[in-house]
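Have a look at run-v7.cif; it's mmCIF, C-alpha atoms:
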```
data_start
#
loop_
_atom_site.group_PDB
_atom_site.id
_atom_site.type_symbol
_atom_site.label_atom_id
_atom_site.label_comp_id
_atom_site.auth_asym_id
_atom_site.auth_seq_id
_atom_site.Cartn_x
_atom_site.Cartn_y
_atom_site.Cartn_z
ATOM 1 C CA MET B 1 0.000 0.000 0.000
ATOM 2 C CA LYS B 2 2.825 2.393 0.878
ATOM 3 C CA LEU B 3 4.541 1.577 -2.402
ATOM 4 C CA ARG B 4 1.354 2.414 -4.285
ATOM 5 C CA CYS B 5 1.092 5.768 -2.493
ATOM 6 C CA PHE B 6 4.690 6.651 -3.269
ATOM 7 C CA PHE B 7 4.168 5.597 -6.897
ATOM 8 C CA ALA B 8 1.050 7.765 -7.245
ATOM 9 C CA ALA B 9 2.834 10.735 -5.673
ATOM 10 C CA GLY B 10 5.690 10.282 -8.104
ATOM 11 C CA LEU B 11 3.307 10.286 -11.055
ATOM 12 C CA LEU B 12 1.693 13.531 -9.882
ATOM 13 C CA ALA B 13 5.057 15.198 -9.389
ATOM 14 C CA GLY B 14 6.143 14.030 -12.825
ATOM 15 C CA ALA B 15 2.957 15.370 -14.411
ATOM 16 C CA GLY B 16 3.520 18.757 -12.792
ATOM 17 C CA ALA B 17 7.073 18.916 -14.083
ATOM 18 C CA PHE B 18 5.957 17.894 -17.587
ATOM 19 C CA ALA B 19 3.286 20.609 -17.658
ATOM 20 C CA GLN B 20 5.927 23.281 -17.177
ATOM 21 C CA THR B 21 8.085 22.172 -20.103
ATOM 22 C CA GLY B 22 8.024 23.710 -23.570
ATOM 23 C CA PRO B 23 8.628 27.241 -24.905
ATOM 24 C CA GLN B 24 8.286 30.053 -22.418
ATOM 25 C CA PRO B 25 7.531 33.709 -23.308
ATOM 26 C CA ALA B 26 10.296 36.293 -23.319
ATOM 27 C CA ALA B 27 10.161 38.456 -20.197
ATOM 28 C CA SER B 28 9.965 41.611 -22.332
ATOM 29 C CA LEU B 29 6.738 40.596 -24.071
ATOM 30 C CA PRO B 30 3.610 42.589 -23.221
ATOM 31 C CA GLN B 31 1.435 40.734 -20.745
ATOM 32 C CA ASP B 32 -1.461 40.865 -18.335
ATOM 33 C CA HIS B 33 -1.282 39.060 -15.000
ATOM 34 C CA HIS B 34 -3.904 38.441 -12.323
ATOM 35 C CA ASP B 35 -5.785 35.591 -10.614
ATOM 36 C CA GLY B 36 -2.708 33.403 -10.900
ATOM 37 C CA MET B 37 -2.710 33.621 -14.702
ATOM 38 C CA THR B 38 -0.212 35.372 -16.970
ATOM 39 C CA ILE B 39 -1.070 35.932 -20.616
ATOM 40 C CA SER B 40 1.674 37.206 -22.927
ATOM 41 C CA ALA B 41 1.291 38.165 -26.584
ATOM 42 C CA ASP B 42 3.878 38.419 -29.344
ATOM 43 C CA ALA B 43 2.445 40.175 -32.406
ATOM 44 C CA TYR B 44 4.363 39.375 -35.605
ATOM 45 C CA LEU B 45 4.130 42.843 -37.123
ATOM 46 C CA ASP B 46 7.269 42.433 -39.217
ATOM 47 C CA PRO B 47 6.646 40.520 -42.477
ATOM 48 C CA GLY B 48 10.150 39.051 -42.536
ATOM 49 C CA ARG B 49 9.803 37.724 -39.002
ATOM 50 C CA ALA B 50 6.399 36.195 -39.750
ATOM 51 C CA LYS B 51 7.781 34.512 -42.873
ATOM 52 C CA GLU B 52 10.770 33.138 -40.961
ATOM 53 C CA LYS B 53 8.556 31.693 -38.222
ATOM 54 C CA LEU B 54 5.654 30.326 -40.290
ATOM 55 C CA GLY B 55 7.233 29.609 -43.667
ATOM 56 C CA LYS B 56 4.753 28.471 -46.317
ATOM 57 C CA VAL B 57 1.785 29.015 -44.008
ATOM 58 C CA ASP B 58 2.569 32.673 -43.328
ATOM 59 C CA PRO B 59 -0.747 34.569 -43.776
ATOM 60 C CA PHE B 60 0.792 38.045 -43.352
ATOM 61 C CA PRO B 61 0.774 38.831 -47.123
ATOM 62 C CA GLU B 62 -3.008 38.317 -47.067
ATOM 63 C CA GLY B 63 -3.458 40.952 -44.349
ATOM 64 C CA ILE B 64 -3.783 38.389 -41.568
ATOM 65 C CA LEU B 65 -1.815 39.174 -38.402
ATOM 66 C CA PRO B 66 -0.312 36.223 -36.496
ATOM 67 C CA ILE B 67 -0.089 36.690 -32.717
ATOM 68 C CA GLU B 68 1.746 34.091 -30.640
ATOM 69 C CA VAL B 69 0.004 33.791 -27.284
ATOM 70 C CA PHE B 70 1.429 32.253 -24.106
ATOM 71 C CA MET B 71 -0.882 31.351 -21.207
ATOM 72 C CA LYS B 72 0.755 30.448 -17.897
ATOM 73 C CA ASN B 73 -1.308 29.056 -15.037
ATOM 74 C CA GLU B 74 0.285 29.363 -11.586
ATOM 75 C CA THR B 75 -2.730 27.991 -9.698
ATOM 76 C CA ASP B 76 -3.629 24.473 -8.568
ATOM 77 C CA GLN B 77 -6.732 24.404 -10.784
ATOM 78 C CA PRO B 78 -7.106 24.022 -14.565
ATOM 79 C CA ILE B 79 -8.198 27.218 -16.312
ATOM 80 C CA LYS B 80 -10.591 27.138 -19.280
ATOM 81 C CA VAL B 81 -10.290 29.765 -22.019
ATOM 82 C CA ASN B 82 -13.026 30.418 -24.560
ATOM 83 C CA LEU B 83 -10.943 30.785 -27.721
ATOM 84 C CA ASP B 84 -13.947 31.846 -29.805
ATOM 85 C CA THR B 85 -14.421 35.126 -27.908
ATOM 86 C CA ILE B 86 -10.835 36.412 -28.168
ATOM 87 C CA GLN B 87 -10.670 39.731 -30.026
ATOM 88 C CA LEU B 88 -8.135 42.227 -31.297
ATOM 89 C CA GLU B 89 -9.085 45.762 -30.265
ATOM 90 C CA VAL B 90 -7.661 48.373 -32.647
ATOM 91 C CA ARG B 91 -7.691 52.066 -31.772
ATOM 92 C CA SER B 92 -6.859 54.694 -34.388
ATOM 93 C CA GLY B 93 -7.665 58.280 -33.462
ATOM 94 C CA THR B 94 -11.297 58.348 -32.393
ATOM 95 C CA GLN B 95 -12.089 55.045 -34.097
ATOM 96 C CA HIS B 96 -12.309 51.770 -32.192
ATOM 97 C CA GLN B 97 -12.579 48.440 -33.982
ATOM 98 C CA ASP B 98 -13.068 44.983 -32.454
ATOM 99 C CA ILE B 99 -11.805 42.171 -34.700
ATOM 100 C CA ASP B 100 -12.752 38.547 -34.060
ATOM 101 C CA SER B 101 -10.080 35.868 -34.335
ATOM 102 C CA LEU B 102 -10.119 33.765 -37.496
ATOM 103 C CA PRO B 103 -10.784 30.027 -37.410
ATOM 104 C CA PRO B 104 -7.749 28.132 -38.745
ATOM 105 C CA THR B 105 -9.867 26.879 -41.657
ATOM 106 C CA GLU B 106 -10.293 30.462 -42.876
ATOM 107 C CA VAL B 107 -6.594 31.211 -42.408
ATOM 108 C CA ALA B 108 -5.738 28.095 -44.410
ATOM 109 C CA SER B 109 -8.190 29.114 -47.145
ATOM 110 C CA ALA B 110 -6.621 32.570 -47.405
ATOM 111 C CA ILE B 111 -3.175 31.012 -47.730
ATOM 112 C CA ALA B 112 -4.309 28.423 -50.280
ATOM 113 C CA HIS B 113 -6.447 30.855 -52.284
ATOM 114 C CA PRO B 114 -4.867 34.336 -52.083
ATOM 115 C CA ASN B 115 -7.233 35.674 -54.754
ATOM 116 C CA GLY B 116 -10.327 34.703 -52.793
ATOM 117 C CA THR B 117 -11.603 31.776 -50.730
ATOM 118 C CA PRO B 118 -14.038 29.476 -52.563
ATOM 119 C CA ASN B 119 -15.752 28.399 -49.324
ATOM 120 C CA PRO B 120 -16.179 31.431 -47.008
ATOM 121 C CA GLY B 121 -17.567 31.177 -43.490
ATOM 122 C CA LEU B 122 -15.899 27.902 -42.550
ATOM 123 C CA ARG B 123 -16.001 26.786 -38.937
ATOM 124 C CA ARG B 124 -13.181 26.361 -36.437
ATOM 125 C CA PHE B 125 -11.323 23.078 -36.911
ATOM 126 C CA PRO B 126 -11.389 20.112 -36.588
ATOM 127 C CA ILE B 127 -12.980 19.991 -40.015
ATOM 128 C CA GLY B 128 -16.537 18.700 -39.908
ATOM 129 C CA ALA B 129 -18.068 16.225 -42.337
ATOM 130 C CA ASN B 130 -20.234 18.907 -43.971
ATOM 131 C CA ILE B 131 -17.345 21.120 -45.101
ATOM 132 C CA PRO B 132 -16.593 20.699 -48.818
ATOM 133 C CA LYS B 133 -13.268 19.088 -49.588
ATOM 134 C CA ASP B 134 -10.521 21.476 -50.672
ATOM 135 C CA GLU B 135 -7.168 19.837 -51.223
ATOM 136 C CA LYS B 136 -5.113 23.049 -51.170
ATOM 137 C CA ARG B 137 -6.842 24.379 -48.055
ATOM 138 C CA ASP B 138 -6.594 21.064 -46.257
ATOM 139 C CA LYS B 139 -2.869 20.860 -46.985
ATOM 140 C CA ALA B 140 -2.360 24.361 -45.575
ATOM 141 C CA LEU B 141 -4.515 23.468 -42.558
ATOM 142 C CA ASP B 142 -2.388 20.403 -41.841
ATOM 143 C CA ALA B 143 0.700 22.644 -41.841
ATOM 144 C CA LEU B 144 -0.993 25.189 -39.558
ATOM 145 C CA ARG B 145 -2.184 22.736 -36.910
ATOM 146 C CA PRO B 146 1.180 22.395 -35.089
ATOM 147 C CA VAL B 147 1.456 26.172 -34.507
ATOM 148 C CA VAL B 148 -2.176 27.149 -33.802
ATOM 149 C CA LEU B 149 -3.388 27.697 -30.225
ATOM 150 C CA ASN B 150 -5.929 24.884 -30.230
ATOM 151 C CA SER B 151 -6.182 23.931 -26.553
ATOM 152 C CA ASP B 152 -8.724 25.711 -24.366
ATOM 153 C CA ILE B 153 -7.451 24.274 -21.061
ATOM 154 C CA VAL B 154 -4.357 25.601 -19.262
ATOM 155 C CA PRO B 155 -3.265 22.853 -16.845
ATOM 156 C CA PRO B 156 -2.330 23.604 -13.222
ATOM 157 C CA HIS B 157 1.199 25.061 -13.052
ATOM 158 C CA GLY B 158 1.468 24.674 -16.812
ATOM 159 C CA THR B 159 1.855 26.799 -19.915
ATOM 160 C CA ILE B 160 0.207 26.509 -23.311
ATOM 161 C CA HIS B 161 1.076 28.566 -26.366
ATOM 162 C CA GLY B 162 0.270 28.937 -30.040
ATOM 163 C CA PHE B 163 -0.805 31.382 -32.722
ATOM 164 C CA ILE B 164 -4.104 33.229 -33.027
ATOM 165 C CA PHE B 165 -4.866 35.017 -36.300
ATOM 166 C CA PHE B 166 -6.737 38.250 -37.109
ATOM 167 C CA ASP B 167 -7.783 39.671 -40.466
ATOM 168 C CA VAL B 168 -6.584 43.278 -40.163
ATOM 169 C CA GLY B 169 -6.200 44.118 -43.849
ATOM 170 C CA ARG B 170 -3.028 44.762 -45.799
ATOM 171 C CA ASN B 171 -3.019 48.525 -45.152
ATOM 172 C CA ASN B 172 -3.954 48.513 -41.474
ATOM 173 C CA MET B 173 -0.713 47.250 -39.904
ATOM 174 C CA PRO B 174 0.520 50.696 -38.644
ATOM 175 C CA ALA B 175 -2.656 51.127 -36.567
ATOM 176 C CA LEU B 176 -1.785 48.004 -34.587
ATOM 177 C CA ALA B 177 0.783 49.928 -32.527
ATOM 178 C CA LYS B 178 -2.143 50.869 -30.273
ATOM 179 C CA ALA B 179 -3.969 47.551 -30.478
ATOM 180 C CA SER B 180 -4.647 45.150 -27.631
ATOM 181 C CA LEU B 181 -5.502 41.472 -27.340
ATOM 182 C CA TYR B 182 -8.749 41.068 -25.388
ATOM 183 C CA LEU B 183 -9.669 37.777 -23.693
ATOM 184 C CA PRO B 184 -13.046 38.179 -21.961
ATOM 185 C CA ASP B 185 -14.005 34.636 -21.104
ATOM 186 C CA LEU B 186 -11.824 32.580 -18.735
ATOM 187 C CA SER B 187 -12.959 30.414 -15.847
ATOM 188 C CA VAL B 188 -11.824 27.764 -13.392
ATOM 189 C CA ALA B 189 -12.534 24.553 -15.286
ATOM 190 C CA THR B 190 -13.617 22.533 -12.238
ATOM 191 C CA THR B 191 -16.062 25.086 -10.803
ATOM 192 C CA ASN B 192 -16.891 27.411 -13.742
ATOM 193 C CA ALA B 193 -15.948 30.354 -11.501
ATOM 194 C CA PRO B 194 -15.211 33.246 -13.882
ATOM 195 C CA LEU B 195 -11.945 35.168 -13.964
ATOM 196 C CA MET B 196 -11.688 38.862 -14.726
ATOM 197 C CA PHE B 197 -10.972 39.628 -18.379
ATOM 198 C CA PHE B 198 -7.408 39.908 -19.685
ATOM 199 C CA GLU B 199 -6.178 42.704 -21.948
ATOM 200 C CA VAL B 200 -2.652 42.680 -23.368
ATOM 201 C CA MET B 201 -1.447 45.923 -24.968
ATOM 202 C CA LEU B 202 0.566 45.024 -28.061
ATOM 203 C CA GLY B 203 2.269 48.381 -28.526
ATOM 204 C CA LYS B 204 4.796 48.141 -25.686
ATOM 205 C CA PRO B 205 8.421 48.746 -26.665
ATOM 206 C CA ASP B 206 10.177 45.732 -28.156
ATOM 207 C CA SER B 207 6.991 43.640 -28.006
ATOM 208 C CA ALA B 208 7.542 42.369 -31.499
ATOM 209 C CA GLN B 209 11.280 42.126 -31.461
ATOM 210 C CA GLN B 210 11.898 39.121 -29.223
#
```

Write the structure described by the file as structure tokens, please.
Amino acid sequence: MKLRCFFAAGLLAGAGAFAQTGPQPAASLPQDHHDGMTISADAYLDPGRAKEKLGKVDPFPEGILPIEVFMKNETDQPIKVNLDTIQLEVRSGTQHQDIDSLPPTEVASAIAHPNGTPNPGLRRFPIGANIPKDEKRDKALDALRPVVLNSDIVPPHGTIHGFIFFDVGRNNMPALAKASLYLPDLSVATTNAPLMFFEVMLGKPDSAQQ
């Protein structure tokens, strides 16, 4: 019985150590921290940097901004994040625009069909049975999957990261210096207790240089 207890404790300790592995955000990245959660955002505003990171699945030329997001949970409870409600808030003068994140299927379509997507309005992956087959889009989607933020649970004492994409238009990149990443819907996964919203200002010095 004692051996079983020690074995179980070892497994839990090992799981905690594993959850903390993987890429960690640079300390200089813009972030918001409260309720035991830290969310950092790295906006790839430089086209050369986006191309270097994403290669053939770089959507920047199509006016789609890639933002690498890191979510670090320092609590003992799993945190759930509603990925569908994340927005990019862009402020330019007196104008204020809220941009919804793009489902990876739409990002893949833009990459595969730069002159226009044949199947607009596609849903967030995984691809459903009712979505028409598109070989070029599906190939781009397969290449995107490893880099997209596709987990909505941040494990206790763990970090998840990946890219979120926003259609900002080819001529709107300068306005993003005053943009912010807005995450309104986070909660404790075990109790559904809501957390206060997170807002990460992207225009801090050196935020896109790390």

Neighbour list for Ala193 of chain B as JSON, numbers by chain, cut-off 12 Å, only C-alpha atoms, skip fewer than 6 positions in-chain:
{"B": [35, 77, 78, 79, 80, 81, 185, 186, 187]}

Work out how far atom CA of Met201 of chain B is from atom CA of Gly63 of chain B, in Å to one decimal.
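Computing it gives 20.1 Å between the two atoms.
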
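The residue that comes closest to Pro30 of chain B, out of B:Ala189, B:Ile86, B:Ala179, B:Asp134 and on the basis of all atoms listed in the file, is B:Ala179.
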
All residues 9 Å or closer to Pro61 of chain B, only C-alpha atoms, same chain fewer than 4 positions away omitted, as a VMD selection string:
chain B and resid 47 111 114 170

Store the residues of this selection in a file with C-alpha atoms, as a short mmCIF file (atom, residue, chain, number, x, y, z; two decimals), in the coordinates of the input.
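Writing the result to again.cif gives the following:
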```cif
data_model
loop_
_atom_site.label_atom_id
_atom_site.label_comp_id
_atom_site.auth_asym_id
_atom_site.auth_seq_id
_atom_site.Cartn_x
_atom_site.Cartn_y
_atom_site.Cartn_z
CA PRO B 47 6.65 40.52 -42.48
CA ILE B 111 -3.18 31.01 -47.73
CA PRO B 114 -4.87 34.34 -52.08
CA ARG B 170 -3.03 44.76 -45.80
#
```

Which distance in Å separates atom CA of Ala110 of chain B and atom CA of Phe70 of chain B, to one decimal?
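Going from atom CA of Ala110 of chain B over to atom CA of Phe70 of chain B, I get 24.7 Å.
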
Contacts of Asp58 of chain B within 10 Å, all atoms listed in the file, excl. fewer than 5 positions in-chain, as a tab-separated table (two decimals) with C-alpha atoms, in the coordinates of the input:
```
chain	number	residue	atom	x	y	z
B	47	PRO	CA	6.65	40.52	-42.48
B	48	GLY	CA	10.15	39.05	-42.54
B	49	ARG	CA	9.80	37.72	-39.00
B	50	ALA	CA	6.40	36.20	-39.75
B	51	LYS	CA	7.78	34.51	-42.87
B	52	GLU	CA	10.77	33.14	-40.96
B	53	LYS	CA	8.56	31.69	-38.22
B	64	ILE	CA	-3.78	38.39	-41.57
B	65	LEU	CA	-1.82	39.17	-38.40
B	66	PRO	CA	-0.31	36.22	-36.50
B	107	VAL	CA	-6.59	31.21	-42.41
B	108	ALA	CA	-5.74	28.10	-44.41
B	111	ILE	CA	-3.18	31.01	-47.73
B	140	ALA	CA	-2.36	24.36	-45.58
B	144	LEU	CA	-0.99	25.19	-39.56
```

Residue nearest Leu202 of chain B - candidates B:Ile99, B:Ile160, B:Leu141, B:Ala43, atoms counted: only C-alpha atoms:
B:Ala43

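Taking all atoms listed in the file into account, Ile153 of chain B lies nearest to B:Asn82 out of the set B:Asn82, B:Ser40, B:Ser28, B:Gln97.
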
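Nearest-residue note for Asp100 of chain B: choosing from B:Val168, B:Val69, B:Val57, B:Ala143, the minimum distance belongs to B:Val168, counting only C-alpha atoms.
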
Give me, please, the distance in Å between atom CA of Phe165 of chain B and atom CA of Val90 of chain B, quoted to one decimal.
14.1 Å

Written as a list in words, what is the full residue list that the PyMOL selection byres ((chain B and resi 200) around 6) yields on the file shown?
Gln31, Asp32, Ser180, Leu181, Glu199 and Met201 of chain B

Ala112 of chain B surroundings by only C-alpha atoms, 6 Å radius, close-in-sequence under 3 positions cut, as a PDB file with C-alpha atoms, keeping the file's coordinate frame:
```pdb
ATOM      1  CA  SER B 109      -8.190  29.114 -47.145  1.00  0.00           C
ATOM      2  CA  LYS B 136      -5.113  23.049 -51.170  1.00  0.00           C
ATOM      3  CA  ARG B 137      -6.842  24.379 -48.055  1.00  0.00           C
TER       4      ARG B 137
END
```

Using all atoms listed in the file, which of the listed residues (B:Pro104, B:His157, B:Ile67, B:Ser151) sits closest to Asp138 of chain B?
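Closest to Asp138 of chain B, using all atoms listed in the file: B:Pro104.
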
Do you know which residues the PyMOL selection byres ((chain B and resi 101) around 9) returns on this file, as a compact mmCIF listing (two decimals) with C-alpha atoms, keeping the file's coordinate frame?
```
# COMPACT_ATOMS: atom_id res chain seq x y z
CA LEU B 83 -10.94 30.78 -27.72
CA ASP B 84 -13.95 31.85 -29.80
CA THR B 85 -14.42 35.13 -27.91
CA ILE B 86 -10.84 36.41 -28.17
CA GLN B 87 -10.67 39.73 -30.03
CA LEU B 88 -8.14 42.23 -31.30
CA ILE B 99 -11.80 42.17 -34.70
CA ASP B 100 -12.75 38.55 -34.06
CA LEU B 102 -10.12 33.76 -37.50
CA PRO B 103 -10.78 30.03 -37.41
CA ILE B 164 -4.10 33.23 -33.03
CA PHE B 165 -4.87 35.02 -36.30
CA PHE B 166 -6.74 38.25 -37.11
CA ASP B 167 -7.78 39.67 -40.47
```

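Between Asn150 of chain B and the candidates B:Lys178, B:Thr190, B:Glu68, B:Phe198, the tightest atom-to-atom separation, counting only C-alpha atoms, involves B:Glu68.
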